[in-house]
$ cat structure.txt   # compact mmCIF, C-alpha atoms and all ligand atoms
# COMPACT_ATOMS: atom_id res chain seq x y z
CA MET A 285 -43.04 5.48 -0.28
CA ASP A 286 -40.14 7.27 -2.02
CA LEU A 287 -38.52 6.10 -5.24
CA ALA A 288 -35.24 4.98 -3.63
CA ARG A 289 -37.10 2.68 -1.21
CA ILE A 290 -39.11 1.15 -4.09
CA LYS A 291 -35.88 0.52 -6.04
CA ALA A 292 -34.19 -1.13 -3.08
CA ILE A 293 -37.14 -3.43 -2.36
CA SER A 294 -37.32 -4.37 -6.07
CA VAL A 295 -33.62 -5.29 -6.17
CA LEU A 296 -33.98 -7.36 -3.01
CA GLY A 297 -37.05 -9.07 -4.43
CA VAL A 298 -35.34 -9.93 -7.72
CA ASN A 299 -32.28 -11.29 -5.89
CA PHE A 300 -34.47 -13.35 -3.57
CA TRP A 301 -36.21 -15.06 -6.52
CA LEU A 302 -32.91 -15.50 -8.34
CA HIS A 303 -31.38 -17.15 -5.25
CA LEU A 304 -34.41 -19.38 -4.84
CA GLY A 305 -34.31 -20.38 -8.52
CA ARG A 306 -30.56 -21.14 -8.36
CA SER A 307 -30.98 -23.34 -5.31
CA VAL A 308 -33.47 -25.64 -7.07
CA LEU A 309 -32.11 -25.62 -10.63
CA PRO A 310 -29.00 -27.81 -11.32
CA HIS A 311 -25.87 -25.65 -11.65
CA HIS A 312 -22.12 -25.74 -11.06
CA LYS A 313 -21.50 -24.97 -7.36
CA VAL A 314 -18.51 -22.79 -6.48
CA ASP A 315 -16.65 -23.33 -3.22
CA GLN A 316 -16.73 -19.74 -2.00
CA ALA A 317 -13.96 -20.26 0.59
CA GLU A 318 -11.70 -21.75 -2.08
CA LEU A 319 -12.59 -18.88 -4.44
CA PHE A 320 -11.60 -16.39 -1.73
CA ARG A 321 -8.30 -18.17 -1.06
CA GLY A 322 -7.64 -18.19 -4.81
CA TYR A 323 -7.53 -14.37 -4.92
CA PHE A 324 -4.37 -14.52 -2.77
CA ARG A 325 -2.73 -17.67 -4.13
CA GLU A 326 -0.54 -15.81 -6.59
CA ASP A 327 0.91 -13.80 -3.73
CA ARG A 328 1.12 -16.95 -1.57
CA LEU A 329 -0.73 -15.21 1.21
CA THR A 330 -2.61 -17.69 3.30
CA SER A 331 -4.22 -17.98 6.66
CA PHE A 332 -2.19 -19.89 9.25
CA THR A 333 -3.35 -23.20 10.63
CA ALA A 334 -4.08 -23.47 14.35
CA ALA A 335 -0.79 -25.35 14.86
CA GLU A 336 1.16 -22.63 13.02
CA HIS A 337 -0.53 -19.93 15.11
CA GLU A 338 0.80 -21.68 18.20
CA GLU A 339 4.27 -22.35 16.87
CA LEU A 340 5.25 -19.23 14.91
CA PRO A 341 5.37 -16.56 17.66
CA GLY A 342 7.91 -18.67 19.58
CA LEU A 343 10.16 -18.61 16.51
CA GLU A 344 10.23 -14.83 16.10
CA THR A 345 12.37 -13.70 19.00
CA CYS A 346 15.70 -13.16 17.19
CA VAL A 347 17.30 -9.77 18.01
CA ALA A 348 19.93 -10.07 15.24
CA CYS A 349 22.82 -9.99 17.73
CA GLY A 350 25.15 -11.70 15.25
CA LEU A 351 26.49 -14.33 17.64
CA CYS A 352 25.25 -17.49 15.91
CA PRO A 353 26.63 -17.40 12.32
CA GLY A 354 30.15 -18.26 13.53
CA THR A 355 28.87 -21.53 15.02
CA CYS A 356 27.31 -22.88 11.80
CA ARG A 357 29.65 -25.25 9.97
CA VAL A 358 27.28 -25.55 7.01
CA MET A 359 27.49 -21.80 6.48
CA THR A 360 31.28 -21.89 6.67
CA LEU A 361 31.60 -24.71 4.13
CA SER A 362 28.85 -23.73 1.71
CA GLU A 363 30.84 -20.98 -0.06
CA GLY A 364 28.09 -18.44 0.48
CA ARG A 365 25.20 -20.66 -0.67
CA PHE A 366 23.74 -21.08 2.81
CA ARG A 367 23.03 -17.73 4.42
CA GLY A 368 23.10 -19.10 7.95
CA PRO A 369 21.13 -19.01 11.19
CA MET A 370 20.81 -15.24 11.64
CA HIS A 371 19.38 -14.89 8.16
CA LEU A 372 16.94 -17.72 8.91
CA ALA A 373 15.91 -16.29 12.26
CA ALA A 374 15.92 -12.57 11.55
CA ALA A 375 14.82 -12.39 7.93
CA ALA A 376 13.61 -15.54 6.18
CA SER A 377 11.31 -16.81 8.93
CA ARG A 378 9.64 -13.40 9.22
CA SER A 379 8.69 -13.39 5.56
CA GLN A 380 6.27 -16.23 6.13
CA PRO A 381 4.47 -17.47 4.26
CA ASP A 382 6.70 -16.14 1.48
CA PHE A 383 9.56 -18.51 2.26
CA ILE A 384 9.91 -19.29 -1.44
CA HIS A 385 12.31 -16.39 -1.81
CA ASP A 386 14.72 -18.24 0.43
CA LEU A 387 14.62 -21.56 -1.37
CA ASP A 388 18.22 -21.36 -2.57
CA SER A 389 19.30 -21.29 1.08
CA LEU A 390 16.64 -22.91 3.29
CA PRO A 391 17.18 -26.51 2.04
CA LEU A 392 20.83 -26.25 3.10
CA CYS A 393 20.10 -25.89 6.82
CA ALA A 394 21.11 -29.16 8.48
CA VAL A 395 18.50 -28.67 11.22
CA CYS A 396 21.31 -29.63 13.57
CA GLY A 397 20.82 -26.99 16.27
CA GLN A 398 24.56 -26.38 16.54
CA CYS A 399 23.88 -22.63 16.44
CA GLU A 400 21.36 -22.66 19.30
CA PRO A 401 23.36 -22.88 22.57
CA ILE A 402 25.05 -19.51 21.97
CA CYS A 403 21.77 -17.67 21.34
CA PRO A 404 20.81 -15.24 24.14
CA GLU A 405 17.17 -15.39 23.05
CA ARG A 406 17.09 -19.19 22.85
CA VAL A 407 15.78 -19.04 19.27
CA PRO A 408 15.00 -22.63 18.19
CA VAL A 409 16.62 -22.32 14.76
CA ALA A 410 16.33 -26.03 13.88
CA ALA A 411 12.61 -26.12 14.76
CA MET A 412 12.20 -22.95 12.73
CA ALA A 413 13.74 -24.49 9.60
CA ARG A 414 11.49 -27.53 9.95
CA ALA A 415 8.41 -25.33 10.44
CA MET A 416 9.25 -23.28 7.33
CA ARG A 417 9.60 -26.45 5.24
CA ARG A 418 6.32 -27.85 6.61
CA MET A 419 4.59 -24.62 5.70
CA LEU A 420 6.02 -24.68 2.19
CA TRP A 421 4.58 -28.16 1.68
CA ARG A 422 1.19 -26.69 2.54
CA VAL A 423 1.39 -23.34 0.75
CA ALA A 424 3.66 -23.81 -2.26
CA PRO A 425 4.82 -27.43 -2.64
CA GLU A 426 5.69 -26.88 -6.31
CA THR A 427 8.54 -24.56 -5.25
CA LEU A 428 10.34 -27.23 -3.19
CA PRO A 429 13.35 -29.06 -4.69
CA ALA A 430 12.70 -32.15 -6.82
CA ALA A 431 14.57 -34.26 -4.25
CA TYR A 432 11.97 -33.33 -1.62
CA HIS A 433 9.19 -34.55 -3.90
CA GLN A 434 10.97 -37.81 -4.58
CA ALA A 435 11.46 -38.31 -0.84
CA ALA A 436 7.75 -37.66 -0.25
CA GLU A 437 6.84 -40.17 -2.96
CA HIS A 438 9.11 -42.80 -1.41
CA LEU A 439 7.62 -42.12 2.01
CA ARG A 440 4.11 -42.68 0.65
CA THR A 441 5.11 -45.83 -1.22
CA PHE A 442 7.70 -47.52 1.00
CA GLY A 443 7.30 -45.91 4.44
CA ASN A 444 10.76 -44.35 4.28
CA ILE A 445 12.20 -41.52 2.16
CA TYR A 446 14.97 -43.58 0.52
CA GLY A 447 13.21 -46.27 -1.50
CA PRO A 448 12.28 -49.96 -1.37
CA GLU A 449 13.54 -51.98 1.60
CA PRO A 450 15.57 -55.13 0.86
CA LYS A 451 14.54 -58.38 2.50
CA LEU A 452 15.93 -58.66 6.02
CA ASP A 453 17.24 -62.07 7.06
CA LEU A 454 16.49 -61.61 10.76
CA PRO A 455 14.58 -63.60 13.40
CA ILE A 456 10.81 -63.24 13.37
CA LYS A 457 9.68 -64.93 16.59
CA PRO A 458 6.14 -63.86 17.42
CA GLY A 459 6.44 -65.01 21.06
CA ALA A 460 9.76 -63.28 21.87
CA PRO A 461 9.54 -60.90 24.86
CA ALA A 462 11.75 -58.24 23.26
CA LEU A 463 11.18 -56.29 20.04
CA LEU A 464 14.10 -54.81 18.12
CA LEU A 465 13.26 -51.65 16.19
CA LEU A 466 15.93 -50.89 13.61
CA GLY A 467 14.84 -47.53 12.18
CA PRO A 468 14.61 -46.52 8.52
CA VAL A 469 18.33 -46.49 7.72
CA LEU A 470 19.37 -49.85 9.21
CA ARG A 471 16.39 -51.50 7.51
CA LEU A 472 18.08 -50.63 4.22
CA MET A 473 21.31 -52.34 5.34
CA PRO A 474 20.61 -56.06 5.85
CA GLU A 475 24.19 -56.98 6.85
CA ARG A 476 24.55 -54.23 9.40
CA ALA A 477 21.06 -54.91 10.79
CA ALA A 478 22.00 -58.58 11.19
CA LYS A 479 25.10 -57.57 13.16
CA VAL A 480 23.03 -55.47 15.58
CA ALA A 481 20.49 -58.27 16.07
CA GLY A 482 23.29 -60.88 16.34
CA THR A 483 25.18 -58.89 19.00
CA LEU A 484 22.04 -58.48 21.11
CA ALA A 485 21.15 -62.17 20.74
CA LYS A 486 24.69 -63.15 21.75
CA LEU A 487 24.30 -61.10 24.90
CA GLY A 488 21.19 -63.08 25.80
CA TYR A 489 18.28 -61.02 24.48
CA ASP A 490 15.42 -63.11 23.12
CA LEU A 491 14.11 -60.79 20.44
CA THR A 492 12.22 -60.44 17.21
CA ILE A 493 11.80 -57.79 14.55
CA GLY A 494 8.57 -56.61 12.98
CA PRO A 495 7.17 -54.09 10.56
CA GLU A 496 8.06 -50.45 11.21
CA GLY A 497 6.75 -47.13 9.97
CA PRO A 498 8.23 -43.66 9.45
CA ALA A 499 10.59 -42.54 12.19
CA GLY A 500 11.34 -38.86 11.76
CA GLY A 501 14.98 -38.13 11.06
CA VAL A 502 15.50 -36.65 7.60
CA ALA A 503 11.81 -37.13 6.75
CA GLU A 504 10.93 -34.80 9.62
CA ASP A 505 13.71 -32.39 8.64
CA LEU A 506 12.19 -32.10 5.16
CA GLY A 507 8.86 -31.15 6.70
CA LEU A 508 7.25 -34.51 5.92
CA GLY A 509 5.67 -35.69 9.10
CA PRO A 510 6.32 -38.14 10.61
CA ASP A 511 3.21 -40.15 11.32
CA ARG A 512 4.16 -42.38 14.25
CA ALA A 513 0.72 -43.96 14.67
CA TRP A 514 2.33 -47.37 13.99
CA ILE A 515 4.43 -47.42 17.17
CA PRO A 516 1.86 -48.72 19.74
CA HIS A 517 0.71 -51.43 17.29
CA ALA A 518 4.27 -52.58 16.63
CA VAL A 519 5.08 -52.68 20.34
CA ALA A 520 1.82 -54.28 21.57
CA GLY A 521 2.40 -57.32 23.81
CA ARG A 522 6.19 -56.79 24.32
CA GLN A 523 7.85 -56.27 27.69
CA LEU A 524 10.99 -54.74 26.25
CA VAL A 525 11.69 -52.64 23.15
CA ILE A 526 15.28 -52.15 22.03
CA VAL A 527 15.79 -49.38 19.48
CA ALA A 528 18.89 -49.17 17.30
CA ASP A 529 18.20 -45.82 15.60
CA PRO A 530 19.01 -42.94 18.00
CA GLU A 531 16.18 -40.67 16.90
CA LEU A 532 13.59 -43.44 16.82
CA TRP A 533 14.76 -44.48 20.30
CA LEU A 534 13.86 -41.04 21.66
CA ALA A 535 10.48 -41.06 19.93
CA VAL A 536 9.62 -44.48 21.34
CA ARG A 537 11.06 -43.75 24.79
CA ASP A 538 9.00 -40.57 25.11
CA ASP A 539 5.80 -41.98 23.59
CA PRO A 540 3.04 -41.57 26.22
CA ARG A 541 1.05 -44.42 24.62
CA LEU A 542 3.60 -47.03 25.74
CA LYS A 543 2.95 -47.10 29.46
CA GLY A 544 4.53 -50.10 31.20
CA VAL A 545 6.86 -50.98 28.31
CA THR A 546 10.61 -50.79 28.98
CA VAL A 547 12.41 -48.98 26.16
CA LYS A 548 16.20 -49.10 25.78
CA SER A 549 18.60 -47.85 23.15
CA ALA A 550 20.60 -50.68 21.61
CA LEU A 551 23.71 -49.34 23.35
CA GLU A 552 21.99 -49.29 26.76
CA ALA A 553 20.95 -52.90 26.19
CA VAL A 554 24.51 -53.89 25.25
CA ALA A 555 26.09 -51.97 28.14
CA GLU A 556 23.87 -53.77 30.65
CA LYS A 557 25.03 -57.23 29.59
CA TRP A 558 28.56 -56.59 28.32
CA PRO A 559 30.80 -59.31 29.77
CA ALA A 560 33.36 -58.10 32.30
CA GLY A 561 36.79 -58.03 30.69
CA ALA A 562 35.52 -58.11 27.07
CA SER A 563 37.59 -55.54 25.20
CA LEU A 564 37.15 -53.58 21.98
CA ALA A 565 40.77 -52.45 21.97
CA GLY A 566 41.94 -55.11 19.50
CA THR A 567 39.17 -54.45 16.97
CA MET A 568 40.54 -51.15 15.68
CA PRO A 569 43.60 -48.96 15.47
CA GLY A 570 43.65 -46.59 18.44
CA PRO A 571 43.18 -44.10 19.89
CA ALA A 572 39.57 -43.43 18.87
CA ALA A 573 37.25 -40.42 18.70
CA VAL A 574 33.45 -40.57 18.89
CA HIS A 575 31.16 -38.69 16.55
CA ASP A 576 27.75 -38.29 18.14
CA ALA A 577 24.50 -38.74 16.31
CA ASP A 578 21.90 -36.08 15.66
CA PRO A 579 21.21 -33.33 18.22
CA LEU A 580 18.27 -35.17 19.76
CA ALA A 581 20.47 -38.11 20.58
CA ARG A 582 23.10 -35.82 22.03
CA ARG A 583 20.63 -34.15 24.35
CA SER A 584 19.42 -37.56 25.46
CA GLY A 585 22.62 -38.54 27.22
CA LEU A 586 23.71 -41.00 24.51
CA ALA A 587 26.99 -39.10 24.04
CA ARG A 588 27.94 -39.67 27.68
CA LEU A 589 26.78 -43.29 27.64
CA THR A 590 28.85 -44.03 24.50
CA ARG A 591 32.03 -42.65 26.07
CA GLU A 592 31.46 -44.43 29.37
CA PHE A 593 30.87 -47.72 27.63
CA LEU A 594 33.87 -47.42 25.30
CA GLY A 595 36.11 -46.51 28.24
CA ARG A 596 34.85 -49.58 30.12
CA ALA A 597 35.51 -51.72 27.02
CA GLY A 598 39.17 -50.67 26.93
CA VAL A 599 39.12 -48.02 24.17
CA GLU A 600 41.53 -45.11 24.49
CA LEU A 601 39.47 -42.04 23.63
CA ARG A 602 40.38 -38.63 22.22
CA GLU A 603 37.83 -35.80 22.25
CA MET A 604 37.47 -33.72 19.09
CA ALA A 605 37.41 -29.90 19.33
CA ASP A 606 33.67 -29.91 18.55
CA GLY A 607 32.78 -33.06 20.45
CA ALA A 608 29.83 -34.58 22.30
CA GLU A 609 27.13 -31.93 22.85
CA ASN A 610 28.52 -29.73 20.12
CA SER A 611 29.05 -32.19 17.27
CA PRO A 612 28.55 -30.63 13.83
CA PRO A 613 26.53 -32.23 11.00
CA VAL A 614 28.21 -34.70 8.63
CA GLY A 615 26.07 -34.29 5.52
CA TRP A 616 22.82 -36.24 5.72
CA GLU A 617 21.19 -34.05 8.36
CA GLY A 618 18.39 -31.83 7.13
CA GLY A 619 18.49 -33.63 3.78
CA ILE A 620 21.63 -31.77 2.62
CA GLU A 621 22.99 -34.74 0.68
CA LEU A 622 19.70 -34.96 -1.24
CA VAL A 623 20.01 -31.41 -2.55
CA GLU A 624 23.73 -30.64 -2.42
CA PRO A 625 25.87 -33.81 -2.30
CA GLU A 626 29.13 -31.86 -2.69
CA LEU A 627 28.42 -29.81 0.41
CA ALA A 628 27.52 -33.03 2.26
CA ALA A 629 30.90 -34.50 1.26
CA ARG A 630 32.71 -31.39 2.53
CA LEU A 631 30.92 -31.68 5.89
CA ALA A 632 31.96 -35.33 6.22
CA ALA A 633 35.56 -34.55 5.24
CA ALA A 634 35.70 -31.73 7.82
CA ARG A 635 34.55 -34.12 10.53
CA ARG A 636 37.19 -36.69 9.58
CA GLU A 637 39.72 -33.88 9.76
CA ASP A 638 38.50 -33.09 13.30
CA ALA A 639 39.25 -36.67 14.31
CA VAL A 640 42.70 -36.61 12.72
CA ASN A 641 43.47 -33.30 14.45
CA ALA A 642 42.46 -34.84 17.78
CA GLY A 643 45.07 -37.56 17.26
CA ALA A 644 42.52 -40.34 16.65
CA LYS A 645 43.13 -43.26 14.28
CA THR A 646 39.53 -44.52 14.43
CA LEU A 647 36.31 -42.52 14.28
CA ILE A 648 33.37 -44.35 15.89
CA SER A 649 29.66 -43.60 15.60
CA ALA A 650 26.60 -45.33 17.05
CA SER A 651 24.56 -44.03 14.11
CA ALA A 652 24.53 -46.14 10.94
CA GLN A 653 23.64 -43.04 8.95
CA ASP A 654 26.62 -41.08 10.29
CA VAL A 655 28.94 -43.95 9.44
CA VAL A 656 27.75 -44.01 5.83
CA ALA A 657 28.18 -40.24 5.53
CA LEU A 658 31.60 -40.20 7.20
CA GLY A 659 32.85 -43.11 5.09
CA LYS A 660 32.06 -41.44 1.76
CA GLY A 661 35.14 -40.27 -0.05
CA GLY A 662 37.47 -42.21 2.23
CA ASP A 663 40.53 -41.00 4.08
CA GLU A 664 43.39 -43.38 4.78
CA ARG A 665 44.39 -41.41 7.88
CA ILE A 666 41.21 -42.36 9.74
CA ASN A 667 39.26 -45.58 10.09
CA VAL A 668 35.48 -44.91 10.26
CA ARG A 669 33.65 -47.66 12.21
CA TYR A 670 30.07 -48.41 13.19
CA LEU A 671 29.97 -49.15 16.91
CA PHE A 672 27.89 -52.32 16.49
CA ASP A 673 30.30 -53.75 13.93
CA LEU A 674 33.05 -53.40 16.55
CA LEU A 675 30.88 -54.97 19.27
CA GLY A 676 30.12 -57.96 17.06
CA GLU A 677 33.82 -58.45 16.30
CA ALA A 678 34.78 -58.22 19.97
CA LEU A 679 32.21 -60.86 20.95
CA ARG A 680 33.40 -63.23 18.22
CA ARG A 681 36.97 -63.22 19.59
S1 LIG B 1 20.51 -25.54 12.55
FE1 LIG B 1 22.62 -26.16 11.97
S2 LIG B 1 22.77 -25.80 9.76
FE2 LIG B 1 20.92 -24.74 10.47
S3 LIG B 1 21.60 -22.67 10.83
FE3 LIG B 1 21.83 -23.75 12.80
S4 LIG B 1 23.93 -24.56 12.82
FE4 LIG B 1 23.46 -23.93 10.73
S1 LIG B 2 22.18 -15.74 18.29
FE1 LIG B 2 19.93 -15.79 18.44
S2 LIG B 2 19.31 -13.64 18.65
FE2 LIG B 2 21.45 -13.65 17.92
S3 LIG B 2 21.28 -13.55 15.65
FE3 LIG B 2 21.38 -15.72 16.20
S4 LIG B 2 19.23 -16.37 16.39
FE4 LIG B 2 19.24 -14.11 16.45
$ encode --input "structure.txt" --output "C-alpha cells" --more "lines below"
Ligand code: SF4
Ligand code: SF4
Amino acid sequence: MDLARIKAISVLGVNFWLHLGRSVLPHHKVDQAELFRGYFREDRLTSFTAAEHEELPGLETCVACGLCPGTCRVMTLSEGRFRGPMHLAAAASRSQPDFIHDLDSLPLCAVCGQCEPICPERVPVAAMARAMRRMLWRVAPETLPAAYHQAAEHLRTFGNIYGPEPKLDLPIKPGAPALLLLGPVLRLMPERAAKVAGTLAKLGYDLTIGPEGPAGGVAEDLGLGPDRAWIPHAVAGRQLVIVADPELWLAVRDDPRLKGVTVKSALEAVAEKWPAGASLAGTMPGPAAVHDADPLARRSGLARLTREFLGRAGVELREMADGAENSPPVGWEGGIELVEPELAARLAAARREDAVNAGAKTLISASAQDVVALGKGGDERINVRYLFDLLGEALRR
C-alpha cells in the first residue's frame, strides 16, 4: 500500500471517530441549511419559494415599449418620486430579490392597474408590485417603511391594518337568513355601517352581522396576506350573504368553499328591492359623476350596475374623462396615504377636479374608503357622497 493511500485512510478514520464522538457528546447543533443561507444574506440573495417560481416568469414579459408611463396618474403627480410602471416592469422587478434598491419608489405604486390595458404584452403591473412587496416581507422586512410594519402589527392584533374596531351598534340575530359582511373599512365607521344595515333592513332583508377577518384591499397591496380562512366559518348556515365592501364582495363571491350560498354586493341587493318611483334626485345637487372603486370592483361589473341603478333612481349622470373601467386611484390604494399622505391628497384633489370638469356637482362612490379619501381637503365646488348615505336619505323621505 502506498503512502498516499495510508494517509487518506487515516484521515477518513479520524473523521469517522470524530463524527461518532460528536453525535453522542452534547454540543451546540448548527442548522447547516441556515448557515448556508447566511452566507448570502448580506447580498439578499435567496432561493425562491415554489409560489414565487410559478409567479415570477409571468411578470417578466415587459419589452420596454414606453406606452404605459403616460397612463399612470401617480407618476404624473408624484413630482418624480414614483418612477412608474415601465421602471417597475422593465427594471425593478428584474432585480429580484434585490428590490430594496427601489424602496423609494415601490411603495408609491397604487396597485391600481390603470397602466395595464394599454400594454401590448399584458404585463400585470399591479400583481407585480404586490409580489415584490410580498417578497420583501420574506427576504428583507427591515427595509420596508415603518408604516408597513405598523399595518402588519395592527393586522396581527386587530384583524385589520388600521387599528382597534369601535363597537358596532348593529343587529346580531343568530337565526337571520342573511349575513351582512361590512369589510374592514366600514367596520371602523359605526354610523356609516348602521346606514348600510338600516337601508337593507328597510328594503326587507332580515339580516345579522358577525365577526369578520382580513379582507385583502390595502393589506393585500402591502404584501400582507390576506388569510381568508374565516370566510366559510362566518358564512356557515346562511342562505344569503350581502357584502358591502367591493373587494370583499369579489373574494366571497368567487370563494369555491361557499357552494350553494347566494352572494350579492350590497348594491345588487338594494337594486333588486328598490321601490318603483323612489328617487335619489332630491338628495343631492345634480348632475352627479360616479367614481368607481378599486380595479377588481370595476372588472366585476359594479361600475355598470352603479350607473344603471342611479339612472333608474332618477340621477342625472355625467361621465368623467377617466371614468368607469379607467378610474384612477384616489390616494388610499396600494397604501399610498400610509407612506406619502401629501401625494394621496393630490390624487384625491385631481379626482375631484375630474368631476368638476365633467360638469358634476356631486361625486358619488359605492366605496366607503373612496369617499373618505375624496372628502379629505374639501372642495366647495363638489359634494362628495357615499352611495348608501344617499339611499338611506331617499328611503326616509
Ligand atoms: S399599477 Fe397604478 S400606480 Fe402602479 S404603475 Fe400602474 S398605474 Fe401606476
Ligand atoms: S406597456 Fe407593457 S411592455 Fe410596454 S413598457 Fe409598459 S409594461 Fe413594458
$ residues_around --input "structure.txt" --residues "region 346-360 of chain A" --least-positions-apart "2" --cutoff "8 Å" --atoms "all atoms listed in the file" --output "VMD selection string"
chain A and resid 343 to 344 362 to 370 373 to 374 392 to 394 398 to 400 402 to 403 405 407 612 to 613 627 631
$ write_last_selection --input "structure.txt" --atoms "C-alpha atoms" --output "short mmCIF file (atom, residue, chain, number, x, y, z; two decimals), in the coordinates of the input"
data_model
loop_
_atom_site.label_atom_id
_atom_site.label_comp_id
_atom_site.auth_asym_id
_atom_site.auth_seq_id
_atom_site.Cartn_x
_atom_site.Cartn_y
_atom_site.Cartn_z
CA LEU A 343 10.16 -18.61 16.51
CA GLU A 344 10.23 -14.83 16.10
CA SER A 362 28.85 -23.73 1.71
CA GLU A 363 30.84 -20.98 -0.06
CA GLY A 364 28.09 -18.44 0.48
CA ARG A 365 25.20 -20.66 -0.67
CA PHE A 366 23.74 -21.08 2.81
CA ARG A 367 23.03 -17.73 4.42
CA GLY A 368 23.10 -19.10 7.95
CA PRO A 369 21.13 -19.01 11.19
CA MET A 370 20.81 -15.24 11.64
CA ALA A 373 15.91 -16.29 12.26
CA ALA A 374 15.92 -12.57 11.55
CA LEU A 392 20.83 -26.25 3.10
CA CYS A 393 20.10 -25.89 6.82
CA ALA A 394 21.11 -29.16 8.48
CA GLN A 398 24.56 -26.38 16.54
CA CYS A 399 23.88 -22.63 16.44
CA GLU A 400 21.36 -22.66 19.30
CA ILE A 402 25.05 -19.51 21.97
CA CYS A 403 21.77 -17.67 21.34
CA GLU A 405 17.17 -15.39 23.05
CA VAL A 407 15.78 -19.04 19.27
CA PRO A 612 28.55 -30.63 13.83
CA PRO A 613 26.53 -32.23 11.00
CA LEU A 627 28.42 -29.81 0.41
CA LEU A 631 30.92 -31.68 5.89
#
$ closest_residue --input "structure.txt" --among "A:Gly297, A:Pro474, A:Gly482, A:Pro408" --to "ligand LIG 1 (chain B)" --atoms "all atoms listed in the file"
A:Pro408
$ closest_residue --input "structure.txt" --among "A:Gly467, A:Gly447, A:Gly615, A:Gly459" --to "ligand LIG 1 (chain B)" --atoms "all atoms listed in the file"
A:Gly615
$ residues_around --input "structure.txt" --residues "Val527 (chain A)" --least-positions-apart "6" --cutoff "10 Å" --atoms "all atoms listed in the file" --output "ChimeraX atom specification"
/A:463-467,533-537,547-553
$ residues_around --input "structure.txt" --residues "Ala650 (chain A)" --least-positions-apart "6" --cutoff "7 Å" --atoms "all atoms listed in the file" --output "number ranges by chain"
A: 577, 670-671
$ build_atoms --input "structure.txt" --residues "region 368-373 of chain A" --atoms "all heavy atoms" --output "PDB file, keeping the file's coordinate frame"
ATOM      1  N   GLY A 368      22.825 -18.934   6.527  1.00  0.00           N
ATOM      2  CA  GLY A 368      23.100 -19.100   7.950  1.00  0.00           C
ATOM      3  C   GLY A 368      21.945 -18.820   8.893  1.00  0.00           C
ATOM      4  O   GLY A 368      20.858 -18.409   8.487  1.00  0.00           O
ATOM      5  N   PRO A 369      22.205 -19.055  10.195  1.00  0.00           N
ATOM      6  CA  PRO A 369      21.130 -19.010  11.190  1.00  0.00           C
ATOM      7  C   PRO A 369      20.546 -17.613  11.418  1.00  0.00           C
ATOM      8  O   PRO A 369      19.344 -17.474  11.615  1.00  0.00           O
ATOM      9  CB  PRO A 369      21.799 -19.534  12.461  1.00  0.00           C
ATOM     10  CG  PRO A 369      23.264 -19.412  12.236  1.00  0.00           C
ATOM     11  CD  PRO A 369      23.482 -19.508  10.759  1.00  0.00           C
ATOM     12  N   MET A 370      21.377 -16.569  11.380  1.00  0.00           N
ATOM     13  CA  MET A 370      20.810 -15.240  11.640  1.00  0.00           C
ATOM     14  C   MET A 370      19.874 -14.842  10.502  1.00  0.00           C
ATOM     15  O   MET A 370      18.813 -14.274  10.747  1.00  0.00           O
ATOM     16  CB  MET A 370      21.919 -14.197  11.812  1.00  0.00           C
ATOM     17  CG  MET A 370      21.360 -12.870  12.272  1.00  0.00           C
ATOM     18  SD  MET A 370      22.605 -11.771  12.925  1.00  0.00           S
ATOM     19  CE  MET A 370      23.116 -10.923  11.460  1.00  0.00           C
ATOM     20  N   HIS A 371      20.267 -15.181   9.295  1.00  0.00           N
ATOM     21  CA  HIS A 371      19.380 -14.890   8.160  1.00  0.00           C
ATOM     22  C   HIS A 371      18.055 -15.643   8.320  1.00  0.00           C
ATOM     23  O   HIS A 371      16.981 -15.081   8.138  1.00  0.00           O
ATOM     24  CB  HIS A 371      20.070 -15.300   6.853  1.00  0.00           C
ATOM     25  CG  HIS A 371      19.149 -15.278   5.680  1.00  0.00           C
ATOM     26  ND1 HIS A 371      18.778 -14.120   5.034  1.00  0.00           N
ATOM     27  CD2 HIS A 371      18.486 -16.289   5.055  1.00  0.00           C
ATOM     28  CE1 HIS A 371      17.940 -14.410   4.062  1.00  0.00           C
ATOM     29  NE2 HIS A 371      17.745 -15.717   4.054  1.00  0.00           N
ATOM     30  N   LEU A 372      18.161 -16.925   8.707  1.00  0.00           N
ATOM     31  CA  LEU A 372      16.940 -17.720   8.910  1.00  0.00           C
ATOM     32  C   LEU A 372      16.057 -17.089   9.975  1.00  0.00           C
ATOM     33  O   LEU A 372      14.850 -16.950   9.806  1.00  0.00           O
ATOM     34  CB  LEU A 372      17.325 -19.129   9.388  1.00  0.00           C
ATOM     35  CG  LEU A 372      17.427 -20.260   8.395  1.00  0.00           C
ATOM     36  CD1 LEU A 372      17.777 -21.536   9.126  1.00  0.00           C
ATOM     37  CD2 LEU A 372      16.119 -20.444   7.660  1.00  0.00           C
ATOM     38  N   ALA A 373      16.696 -16.719  11.102  1.00  0.00           N
ATOM     39  CA  ALA A 373      15.910 -16.290  12.260  1.00  0.00           C
ATOM     40  C   ALA A 373      15.429 -14.851  12.151  1.00  0.00           C
ATOM     41  O   ALA A 373      14.331 -14.527  12.601  1.00  0.00           O
ATOM     42  CB  ALA A 373      16.764 -16.461  13.524  1.00  0.00           C
TER      43      ALA A 373
END
